[in-house]
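Here is the file run.pdb (PDB, C-alpha atoms).
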MODEL        1
ATOM      1  CA  MET H  14     -17.139  56.018   3.633  1.00  0.00           C
ATOM      2  CA  LEU H  15     -13.723  57.352   4.649  1.00  0.00           C
ATOM      3  CA  GLY H  16     -12.670  58.290   1.116  1.00  0.00           C
ATOM      4  CA  ASN H  17     -15.991  60.039   0.446  1.00  0.00           C
ATOM      5  CA  THR H  18     -15.731  62.004   3.685  1.00  0.00           C
ATOM      6  CA  ILE H  19     -12.182  63.114   2.905  1.00  0.00           C
ATOM      7  CA  GLY H  20     -13.406  64.076  -0.579  1.00  0.00           C
ATOM      8  CA  HIS H  21     -15.988  66.425   0.967  1.00  0.00           C
ATOM      9  CA  LEU H  22     -13.112  68.558   2.284  1.00  0.00           C
ATOM     10  CA  ARG H  23     -12.703  69.815  -1.296  1.00  0.00           C
ATOM     11  CA  SER H  24     -16.331  70.975  -1.476  1.00  0.00           C
ATOM     12  CA  GLU H  25     -17.113  74.648  -1.942  1.00  0.00           C
ATOM     13  CA  ASN H  26     -20.066  74.114   0.424  1.00  0.00           C
ATOM     14  CA  ASP H  27     -18.838  75.185   3.882  1.00  0.00           C
ATOM     15  CA  ASP H  28     -21.500  73.119   5.673  1.00  0.00           C
ATOM     16  CA  ARG H  29     -20.377  69.991   3.843  1.00  0.00           C
ATOM     17  CA  VAL H  30     -16.736  70.697   4.706  1.00  0.00           C
ATOM     18  CA  THR H  31     -17.632  71.329   8.350  1.00  0.00           C
ATOM     19  CA  GLN H  32     -19.607  68.089   8.560  1.00  0.00           C
ATOM     20  CA  ALA H  33     -16.744  66.119   6.989  1.00  0.00           C
ATOM     21  CA  ALA H  34     -14.200  67.741   9.316  1.00  0.00           C
ATOM     22  CA  LEU H  35     -16.300  66.918  12.382  1.00  0.00           C
ATOM     23  CA  ARG H  36     -16.534  63.289  11.322  1.00  0.00           C
ATOM     24  CA  LEU H  37     -12.839  63.037  10.587  1.00  0.00           C
ATOM     25  CA  GLY H  38     -11.840  64.816  13.778  1.00  0.00           C
ATOM     26  CA  LEU H  39     -13.972  62.471  15.867  1.00  0.00           C
ATOM     27  CA  LEU H  40     -12.435  59.478  14.100  1.00  0.00           C
ATOM     28  CA  LEU H  41      -8.927  60.796  14.778  1.00  0.00           C
ATOM     29  CA  GLU H  42      -9.806  61.417  18.397  1.00  0.00           C
ATOM     30  CA  ARG H  43     -11.267  57.932  18.801  1.00  0.00           C
ATOM     31  CA  HIS H  44      -8.161  56.450  17.172  1.00  0.00           C
ATOM     32  CA  ARG H  45      -5.863  58.387  19.483  1.00  0.00           C
ATOM     33  CA  PHE H  46      -7.730  57.456  22.667  1.00  0.00           C
ATOM     34  CA  CYS H  47      -8.185  53.810  21.722  1.00  0.00           C
ATOM     35  CA  ARG H  48      -4.475  53.563  20.979  1.00  0.00           C
ATOM     36  CA  ALA H  49      -3.852  54.932  24.460  1.00  0.00           C
ATOM     37  CA  GLY H  50      -6.232  52.373  25.984  1.00  0.00           C
ATOM     38  CA  GLY H  51      -9.163  54.735  26.547  1.00  0.00           C
ATOM     39  CA  HIS H  52     -12.733  54.496  25.354  1.00  0.00           C
ATOM     40  CA  GLY H  53     -15.340  56.906  24.078  1.00  0.00           C
ATOM     41  CA  THR H  54     -15.626  59.819  21.721  1.00  0.00           C
ATOM     42  CA  LEU H  55     -17.112  63.267  21.765  1.00  0.00           C
ATOM     43  CA  GLY H  56     -20.330  64.299  20.105  1.00  0.00           C
ATOM     44  CA  ASP H  57     -23.379  62.539  18.789  1.00  0.00           C
ATOM     45  CA  VAL H  58     -21.563  59.793  16.893  1.00  0.00           C
ATOM     46  CA  GLU H  59     -24.735  58.017  15.794  1.00  0.00           C
ATOM     47  CA  ARG H  60     -26.092  61.229  14.241  1.00  0.00           C
ATOM     48  CA  LEU H  61     -22.800  62.052  12.517  1.00  0.00           C
ATOM     49  CA  PHE H  62     -21.937  58.567  11.272  1.00  0.00           C
ATOM     50  CA  GLY H  63     -25.228  56.710  11.000  1.00  0.00           C
ATOM     51  CA  GLY H  64     -24.480  53.088  10.128  1.00  0.00           C
ATOM     52  CA  HIS H  65     -20.738  53.757  10.325  1.00  0.00           C
ATOM     53  CA  ALA H  66     -20.784  54.791  14.006  1.00  0.00           C
ATOM     54  CA  HIS H  67     -18.469  51.966  15.014  1.00  0.00           C
ATOM     55  CA  LEU H  68     -15.859  52.633  12.306  1.00  0.00           C
ATOM     56  CA  GLU H  69     -12.330  52.607  13.677  1.00  0.00           C
ATOM     57  CA  LEU H  70      -9.230  53.833  11.897  1.00  0.00           C
ATOM     58  CA  SER H  71      -6.057  51.888  11.335  1.00  0.00           C
ATOM     59  CA  ASP H  72      -2.794  53.800  11.686  1.00  0.00           C
ATOM     60  CA  SER H  73      -2.611  54.134   7.902  1.00  0.00           C
ATOM     61  CA  ASP H  74      -6.246  55.353   7.779  1.00  0.00           C
ATOM     62  CA  ALA H  75      -5.453  57.967  10.421  1.00  0.00           C
ATOM     63  CA  GLU H  76      -2.492  59.178   8.365  1.00  0.00           C
ATOM     64  CA  HIS H  77      -4.690  59.296   5.245  1.00  0.00           C
ATOM     65  CA  VAL H  78      -7.287  61.376   7.127  1.00  0.00           C
ATOM     66  CA  LEU H  79      -4.630  63.760   8.433  1.00  0.00           C
ATOM     67  CA  GLN H  80      -3.136  64.212   4.957  1.00  0.00           C
ATOM     68  CA  GLY H  81      -6.621  64.989   3.593  1.00  0.00           C
ATOM     69  CA  LEU H  82      -7.138  67.627   6.273  1.00  0.00           C
ATOM     70  CA  LEU H  83      -3.713  69.150   5.622  1.00  0.00           C
ATOM     71  CA  ALA H  84      -4.391  69.209   1.871  1.00  0.00           C
ATOM     72  CA  HIS H  85      -7.518  71.275   2.587  1.00  0.00           C
ATOM     73  CA  VAL H  86      -5.389  73.791   4.512  1.00  0.00           C
ATOM     74  CA  GLU H  87      -2.741  73.879   1.803  1.00  0.00           C
ATOM     75  CA  ASP H  88      -5.350  74.434  -0.913  1.00  0.00           C
ATOM     76  CA  ARG H  89      -7.340  77.095   0.931  1.00  0.00           C
ATOM     77  CA  ASP H  90      -4.788  78.704   3.254  1.00  0.00           C
ATOM     78  CA  SER H  91      -6.615  81.608   4.949  1.00  0.00           C
ATOM     79  CA  ARG H  92      -9.906  80.352   3.513  1.00  0.00           C
ATOM     80  CA  ALA H  93      -9.549  77.040   5.361  1.00  0.00           C
ATOM     81  CA  ASN H  94     -12.586  75.884   7.283  1.00  0.00           C
ATOM     82  CA  PRO H  95     -12.028  76.335  11.056  1.00  0.00           C
ATOM     83  CA  ALA H  96     -13.526  72.876  11.678  1.00  0.00           C
ATOM     84  CA  VAL H  97     -10.695  71.384   9.606  1.00  0.00           C
ATOM     85  CA  ILE H  98      -8.150  73.034  11.890  1.00  0.00           C
ATOM     86  CA  TRP H  99     -10.055  71.660  14.896  1.00  0.00           C
ATOM     87  CA  ALA H 100      -9.941  68.184  13.328  1.00  0.00           C
ATOM     88  CA  ILE H 101      -6.188  68.411  12.740  1.00  0.00           C
ATOM     89  CA  GLY H 102      -5.831  69.147  16.435  1.00  0.00           C
ATOM     90  CA  LYS H 103      -7.350  65.758  17.224  1.00  0.00           C
ATOM     91  CA  ALA H 104      -4.128  64.198  15.898  1.00  0.00           C
ATOM     92  CA  HIS H 105      -2.041  66.485  18.091  1.00  0.00           C
ATOM     93  CA  ASN H 106       0.861  64.037  18.289  1.00  0.00           C
ATOM     94  CA  ASN H 107       1.755  64.799  14.675  1.00  0.00           C
ATOM     95  CA  LEU H 108       4.383  67.535  14.849  1.00  0.00           C
ATOM     96  CA  GLU H 109       4.398  68.141  11.082  1.00  0.00           C
ATOM     97  CA  ALA H 110       0.700  68.974  11.238  1.00  0.00           C
ATOM     98  CA  ILE H 111       1.215  71.293  14.220  1.00  0.00           C
ATOM     99  CA  GLU H 112       3.953  73.164  12.352  1.00  0.00           C
ATOM    100  CA  ARG H 113       1.729  73.641   9.309  1.00  0.00           C
ATOM    101  CA  VAL H 114      -1.068  74.971  11.502  1.00  0.00           C
ATOM    102  CA  ALA H 115       1.417  77.314  13.251  1.00  0.00           C
ATOM    103  CA  GLU H 116       2.550  78.612   9.844  1.00  0.00           C
ATOM    104  CA  LEU H 117      -1.074  79.300   8.921  1.00  0.00           C
ATOM    105  CA  ALA H 118      -1.567  81.166  12.216  1.00  0.00           C
ATOM    106  CA  GLU H 119       1.494  83.303  11.455  1.00  0.00           C
ATOM    107  CA  ARG H 120       0.074  84.234   8.041  1.00  0.00           C
ATOM    108  CA  ILE H 121      -3.346  85.266   9.346  1.00  0.00           C
ATOM    109  CA  LEU H 122      -2.343  86.637  12.737  1.00  0.00           C
ATOM    110  CA  ALA H 123      -3.497  90.222  12.403  1.00  0.00           C
ATOM    111  CA  ASP H 124      -6.386  89.610   9.990  1.00  0.00           C
ATOM    112  CA  LEU H 125      -9.623  90.108  11.905  1.00  0.00           C
ATOM    113  CA  ASP H 126     -11.578  88.585   9.009  1.00  0.00           C
ATOM    114  CA  HIS H 127     -10.138  85.205  10.030  1.00  0.00           C
ATOM    115  CA  ALA H 128     -10.714  85.374  13.794  1.00  0.00           C
ATOM    116  CA  ASP H 129     -12.406  81.937  14.005  1.00  0.00           C
ATOM    117  CA  LEU H 130      -9.679  80.295  11.955  1.00  0.00           C
ATOM    118  CA  LEU H 131      -6.939  81.970  13.989  1.00  0.00           C
ATOM    119  CA  TYR H 132      -8.501  80.899  17.284  1.00  0.00           C
ATOM    120  CA  GLN H 133      -8.661  77.265  16.145  1.00  0.00           C
ATOM    121  CA  ALA H 134      -5.074  77.397  14.898  1.00  0.00           C
ATOM    122  CA  LEU H 135      -3.822  78.856  18.175  1.00  0.00           C
ATOM    123  CA  ALA H 136      -5.794  76.251  20.128  1.00  0.00           C
ATOM    124  CA  VAL H 137      -4.151  73.439  18.139  1.00  0.00           C
ATOM    125  CA  VAL H 138      -0.677  74.916  18.525  1.00  0.00           C
ATOM    126  CA  SER H 139      -1.141  75.577  22.242  1.00  0.00           C
ATOM    127  CA  VAL H 140      -1.667  71.877  22.989  1.00  0.00           C
ATOM    128  CA  CYS H 141       1.904  71.029  21.966  1.00  0.00           C
ATOM    129  CA  ALA H 142       3.527  74.451  22.066  1.00  0.00           C
ATOM    130  CA  THR H 143       7.298  74.404  22.269  1.00  0.00           C
ATOM    131  CA  ASP H 144       9.774  77.252  22.643  1.00  0.00           C
ATOM    132  CA  ARG H 145       9.612  77.545  18.864  1.00  0.00           C
ATOM    133  CA  HIS H 146       5.944  78.644  19.167  1.00  0.00           C
ATOM    134  CA  LYS H 147       6.579  81.215  21.882  1.00  0.00           C
ATOM    135  CA  PRO H 148       7.004  84.154  19.426  1.00  0.00           C
ATOM    136  CA  LEU H 149       3.709  83.257  17.717  1.00  0.00           C
ATOM    137  CA  LEU H 150       1.862  83.215  21.035  1.00  0.00           C
ATOM    138  CA  ILE H 151       3.477  86.481  22.164  1.00  0.00           C
ATOM    139  CA  ARG H 152       2.483  88.141  18.895  1.00  0.00           C
ATOM    140  CA  ALA H 153      -1.067  86.797  19.218  1.00  0.00           C
ATOM    141  CA  ALA H 154      -1.331  88.081  22.793  1.00  0.00           C
ATOM    142  CA  ARG H 155      -0.168  91.544  21.691  1.00  0.00           C
ATOM    143  CA  GLU H 156      -1.728  91.947  18.247  1.00  0.00           C
ATOM    144  CA  CYS H 157      -5.034  90.106  18.510  1.00  0.00           C
ATOM    145  CA  THR H 158      -8.245  90.862  20.302  1.00  0.00           C
ATOM    146  CA  GLY H 159     -10.921  88.691  21.824  1.00  0.00           C
ATOM    147  CA  GLU H 160     -10.647  84.950  22.297  1.00  0.00           C
ATOM    148  CA  SER H 161      -7.401  84.545  20.350  1.00  0.00           C
ATOM    149  CA  ALA H 162      -5.572  87.090  22.494  1.00  0.00           C
ATOM    150  CA  GLU H 163      -7.006  85.605  25.683  1.00  0.00           C
ATOM    151  CA  LEU H 164      -5.998  82.077  24.666  1.00  0.00           C
ATOM    152  CA  ALA H 165      -2.468  83.205  23.809  1.00  0.00           C
ATOM    153  CA  ARG H 166      -2.115  85.076  27.117  1.00  0.00           C
ATOM    154  CA  ASN H 167      -3.334  82.032  29.049  1.00  0.00           C
ATOM    155  CA  VAL H 168      -0.872  79.687  27.318  1.00  0.00           C
ATOM    156  CA  LEU H 169       1.971  82.132  27.896  1.00  0.00           C
ATOM    157  CA  ALA H 170       1.062  82.396  31.579  1.00  0.00           C
ATOM    158  CA  MET H 171       0.719  78.630  32.058  1.00  0.00           C
ATOM    159  CA  ARG H 172       4.130  78.024  30.485  1.00  0.00           C
ATOM    160  CA  HIS H 173       5.683  80.967  32.339  1.00  0.00           C
ATOM    161  CA  TRP H 174       6.638  82.618  29.062  1.00  0.00           C
ATOM    162  CA  SER H 175       6.653  86.378  28.760  1.00  0.00           C
TER     163      SER H 175
ENDMDL
END

Rewritten as structure tokens:
Amino acid sequence: MLGNTIGHLRSENDDRVTQAALRLGLLLERHRFCRAGGHGTLGDVERLFGGHAHLELSDSDAEHVLQGLLAHVEDRDSRANPAVIWAIGKAHNNLEAIERVAELAERILADLDHADLLYQALAVVSVCATDRHKPLLIRAARECTGESAELARNVLAMRHWS
């Protein structure tokens, strides 16, 4: 099931990619929380996974999932599915992944055609933002409109960055 779901990230059907990304993101989130001793997941797991609702990832499975998500971003760049970026954020302790998402945000920053993608990328980066991400967030606060600008301004304010 895992390999098939990762394979759907290469689909040209956006709904199929979104569905795969939701599944993979929930699996990454479950893996992260279980590793930290917590329980539970978000969303209607039974509906999304059917008979695989109790599937749990090993550390190597989680890395395989993350690499599949990152490959989608590398292949599609600004055409990446926003749900894939959301799913990458569920493995927020992976700094390599955060950097790749930040690089994508830099490339699409002022492109209003990619507002949903930019918002997801900024949301992922904001979870683990370091001083290195401050210029990206400042640019987003100044150059963007709507939710992306608001998110960037909020992160800057919370971290006392100007």

Reference answer for the PyMOL selection byres ((chain H and resi 36) around 9), as a count of residues only: 15

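Applied to the file shown here, the PyMOL selection byres ((chain H and resi 151) around 8) selects Lys147, Pro148, Leu149, Leu150, Arg152, Ala153, Ala154, Arg155, Ala165, Arg166, Leu169 and Ser175 of chain H.
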
Between atom CA of H:Asp90 and atom CA of H:Glu119, what is the distance in Å, rounded to a tenth?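 Between atom CA of H:Asp90 and atom CA of H:Glu119 the gap is 11.3 Å.
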
List the neighbours of H:Leu70 out to 7 Å using all atoms listed in the file; skip same-chain residues closer than 3 positions along the sequence, and give me the result as a ChimeraX atom specification. /H:40,44,74-75

Set the distance at 10 Å and use all atoms listed in the file: which residues neighbour H:Leu108 once local chain neighbours fewer than 5 positions away are removed? I'd like the list as a list in words. Arg113, Val114, Val138 and Cys141 of chain H

Rounded to one decimal place, report the atom CA of H:Val86-atom CA of H:Ser73 distance in Å.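 Those two atoms sit 20.1 Å apart.
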
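Using only C-alpha atoms, the contacts of H:Ile121 at a cut-off of 10 Å, with sequence neighbours closer than 2 positions omitted, comprise Asp90, Ser91, Glu116, Leu117, Ala118, Glu119, Ala123, Asp124, Leu125, Asp126, His127, Ala128, Leu130, Leu131 and Ala134 of chain H.
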
Need the axis-aligned box for stretch 129-142 of chain H with 6 Å each side, so what are the centre and edges in Å to one decimal, as JSON?
{"center_x": -4.4, "center_y": 76.5, "center_z": 17.5, "size_x": 27.9, "size_y": 22.9, "size_z": 23.0}

Atomic separation - atom CA of H:Arg43 relative to atom CA of H:Arg92, Å: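 Going from atom CA of H:Arg92 over to atom CA of H:Arg43 covers 27.2 Å.
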
Please provide the set of residues having any atom within 9 Å of H:Gly81, restricted to all atoms listed in the file, with same-chain residues fewer than 6 positions apart removed, written as number ranges by chain. H: 19-20, 22

For H:Gly102: contacts at 10 Å, all atoms listed in the file, fewer than 4 positions along chain excluded, given as a list in words: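 Once the nearby chain positions are removed, what remains is Gly38, Leu41, Glu42, Leu79, Ala96, Val97, Ile98, Asn106, Asn107, Ala110, Ile111, Val114, Gln133, Ala134, Ala136, Val137, Val138, Ser139, Val140 and Cys141 of chain H.
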
Given only C-alpha atoms as the basis, pick out the residue of H:Arg45, H:His77, H:Arg23, H:His146 nearest to H:Trp174. H:His146

Of the residues H:Leu82, H:Leu135, H:Ala142, H:Ala93, which is the one nearest to H:Glu163, using all atoms listed in the file? H:Leu135

Please determine, counting all atoms listed in the file, which residue among H:Val78, H:Ala162, H:Ser71, H:Ala170 has the shortest atom-to-atom distance to H:Asn17.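 Of H:Val78, H:Ala162, H:Ser71, H:Ala170, the one nearest H:Asn17, counting all atoms listed in the file, is H:Val78.
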
Hey, which of H:Asp129, H:Glu25, H:Thr143, H:His173 ends up closest to H:Thr158? Count all atoms listed in the file. H:Asp129
